[in-house]
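Data first, discussion second: the structure below is written as structure tokens.
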Amino acid sequence: MQFERIRRILALGLVLVLALSTFGLGGCTQDTDDGADDGATGTTETIKIGVHTSLTGGLADYGFAASEALKIAAEDFTGFEVDGTTYEIELVIKDDKGEPAEAPIVAQQLVDEGVVAVIGTLTSGAANAALPIYQTAGIPMISGSATRPDLTELGFENFFRTCLRDDLQGAAIGEWALELEAAKVVVMDDRGDYAVALGNEVQATVEAGGAEVLRQEGQEGDQDFSAQVANIMGFDPDVVIFTGYHREAGLLFKQLREAGSDAQFMGGDGIKSNEIAQGAGGAANVEGAFCTFGGFAQEGMPGYADFAAKFLEVTGVEAGPYAENNYDALGAVVEAIKASGSTVGADIIEALHDVTYEGVQGTLQFDENGDVTVPGGGGTDLIPRFEFKGEAWEFLG
Amino acid sequence: MAEMTARVSGFFGRMPRWVYVVIALALAIAFPLLEQFGLMQTLWLRLGTRVLVYVLLAVGLNLVLGETGLLHLGYVAFFAVGAYTTAILSSPRFGIQWNFWVIVALAMGLSMLFGFLIAVPTLRLRGDYLAIVTLAFGEITRMTLNNWETLTNGPGGIPGIYPPNIFGWTVDSPLEFFYVLLVAVVIVIYLLGNVKDSRIGRAWNALREDEIAAHHSGVRPMRAKMLAVVMSSGIAGLAGAIFAYYQQFINPTYFLFMQSTIVVCMVVLGGMGSIPGAVLGAVVLDATPEVIRQAFTTWLPGAFGRDFLPGVQSALQTDFDRYRMAIFGLVIVLMVIFRPEGLLPNKLWKREVHEEDPRELEKTHQHLFDFEEGKQDLEV
């Protein structure tokens with residue numbers, strides 16, 4: 001009896017091991033071994049770049065996209081030359097499970113390994129926990145996906161990011177509404193973490209611009225917005241901004257149009273789905289609506305099509321979220337090493353502040369806090385705008 | 001073979017307990033020195049420090065789960081209360097930096113109060129119901145921390161926690177935190193060891209074995225259980241307070257339900273009701289994923305070359321981190337199969353797990369017989 005059970009469990013374990021090694025075999029096809037091809041003058045040096053990401057846990061798919069994008073980037077950038085020295089890039093990829101408690105351990109490991117720079121972390125929580133360690137070691141850390149606003153305001157001069165801050169979008173929506181010369185604005189959220197934070201930022205910007213704001217709230221999953229519609233019609237706004245997701249947005253916009261509202265509809269990246277037309281009972285109800293996006297728009301990226309094609313070719317899957325941000329993070333580090341001619345952490349940190357890098361996302365720079373910006377621009381100008389035309393969202397710039 | 005293991009364990013069994021304690025303590029004290037003399041990477045010291053936090057948690061939960069037999073699945077809530085006490089009272093969040101001792105006392109006090117408040121309604125429940133309700137309390141605590149933005153800054157957490165100042169000594173390196181935690185662990189284990197052997201410790205064990213029988217033998221179940229829950233909450237609060245100082249950052253994702261589960265695993269795999277077991281369980285469970293990672297990415301390739309597993313070496317080089325948790329799961333499954341009583345079980349628990357085994361039954365009878373003859377203490 002007892003043995004029967006043990007045998008069954010052991011069999012299960014064996015199956016697991018087999019499955020595991022199959023995955024392993026599948027993953028090893030692109031092993032490259034570039035042999036001796038030099039003969040050129042100068043020396044060759046290998047530099048280690050740490051990749052601090054989350055390959056297991058709830059965000060594993062983001063971590064996969066990040067690490068694969070970085071492998072592609074490493075292959076693209078390796079062998080760059082500075083003052084006669086050829087630098088080979090070796091990635092050291094480590095997983096923090098997406099747990100902040102694990103992040104310091106991983107950070108310490110990368111520091112012990114002697115990496116010159118770290119691309120990561122994936123999450124903002126892990127960034128908070130890991131930054132003190134990289135700071136002490138004098139190693140720059142460039143994240144492609146840690147979007148929490150306060151990260152660049154904590155005084156860590158070694159922290160940079162190639163993704164846009166969460167609060168930028170709210171300010172951009174608010175500014176857009178003010179550009180439309182709106183005097184009365186409705187800001188509505190769905191009580192979710194993301195929508196509330198975004199809504200607060202929109203409201204603050206609009207109020208600072210002198211417009212009158214009516215704040216409303218719904219719940220994610222609501223079908224009937226008649227109470228809110230009555231409030232909104234009574235307020236007679238010029239602009240209605242919904243910071244939640246497209247399903248509720250569609251229903252809300254439909255019910256507002258049916259009530260006779262002629263307000264301009266706007267929203268954040270939550271409503272940036274073409275399915276919004278179905279929720280709104282036809283594209284006519286959302287025609288001319290505006291929305292924004294929290295990062296650089298792929299439509300506006302000069303190198304995105306090539307990058308996405310290469311990602312698909314190498315990995316066999318579509319490039320996931322933030323893949324291009326990670327690619328650019330490594331590119332920026334390489335650019336900084338070229339500019340400073342040094343692989344010492346402090347020199348790279350200094351150079352990163354001045355570097356101008358032509359990446360997948362466009363021409364990038366970092367401001368004094370380490371937030372990404374573009375030459376001559378920055379701030380809310382970076383947020384891309386879209387308008388719903390016909391059947392789909394159209395990129396405005 | 002069996003005879004040899006019996007002889008070996010007989011030899012070790014004859015050594016008095018203090019010998020082990022001294023050996024374990026000496027190893028723990030010497031451990032950070034390896035790093036100081038460059039014999040070990042700082043990684044291991046940092047890991048060791050986190051392990052000590054889990055040792056505190058496992059030893060604390062062992063009181064409730066191991067000694068008293070209450071399946072408590074919300075233990076991480078008290079850890080969170082302790083950690084947030086430190087984070088709020090010693091960080092730029094409100095620009096205040098209270099004294100270390102005040103914070104530790106407050107963290108323990110608040111956790112105990114919180115434990116008491118939760119215990120009043122939940123301890124009337126037994127078995128699965130207690131597990132469900134404590135689980136819910138753990139989640140309620142986390143959601144509260146996540147949503148009480150004015151106090152806790154919500155999901156953003158509290159960064160920049162100031163290092164503690166203990167009698168003029170600023171503790172801010174992994175080495176210093178290791179020794180601070182070691183002192184806390186030693187004090188807690190010493191006190192718990194005494195409680196365990198006292199009348200109240202026996203009462204807990206009696207409740208675990210048979211609540212009704214214990215009640216009728218003069219144990220007051222509610223009071224004894226309450227004491228266990230409140231004491232263990234205090235230990236979690238202490239662990240949380242020091243952990244927050246060490247991390248310098250705290251957010252609600254540190255206190256997911258998974259953390260409670262892991263601590264339960266540490267107690268169960270170490271051996272229910274055994275303090276050395278809980279310690280070993282914490283060490284093994286927290287350090288194993290890291291050991292597996294190092295073994296496959298550094299040690300094995302170092303010893304046998306990069307191609308030590310033909311055909312999969314490149315996957316192991318770059319992608320191993322994706323698979324290590326699966327291997328970790330396998331290790332746990334094997335441990336449960338081959339040592340269901342835990343790594344270092346106490347004798348009573350081991351016999352209970354193997355109660356159909358005639359040899360274990362024989363030992364129990366012999367033990368009781370010896371006890372009645374006055375040859376041996378009734379050691380549990």
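Chain labels run A, B, ... following the order of the structure tokens; each chain numbers its residues from 1, and ligands are numbered from 1 in the order shown.
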
*For Ile212 of chain B: contacts at 10 Å, only C-alpha atoms, fewer than 6 positions along chain excluded, given as a PyMOL selection string*: chain B and resi 206+219+221

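Using only C-alpha atoms, the smallest distance between any of B:Arg359, B:Arg339, B:Lys347, B:His216 and chain A comes from B:Arg339.
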
*Within 8 Å of segment 173-180 of chain B, counting only C-alpha atoms, which residues show up once you throw out same-chain ones fewer than 3 positions away? Write them as a PyMOL selection string, please.*
chain B and resi 29+32+45-46+48-49+52+183-184+246

*Near-Gly42 of chain A list (8 Å; only C-alpha atoms; drop same-chain fewer than 2 positions) as an MDAnalysis selection string*: chainID A and resid 40 44 84:86
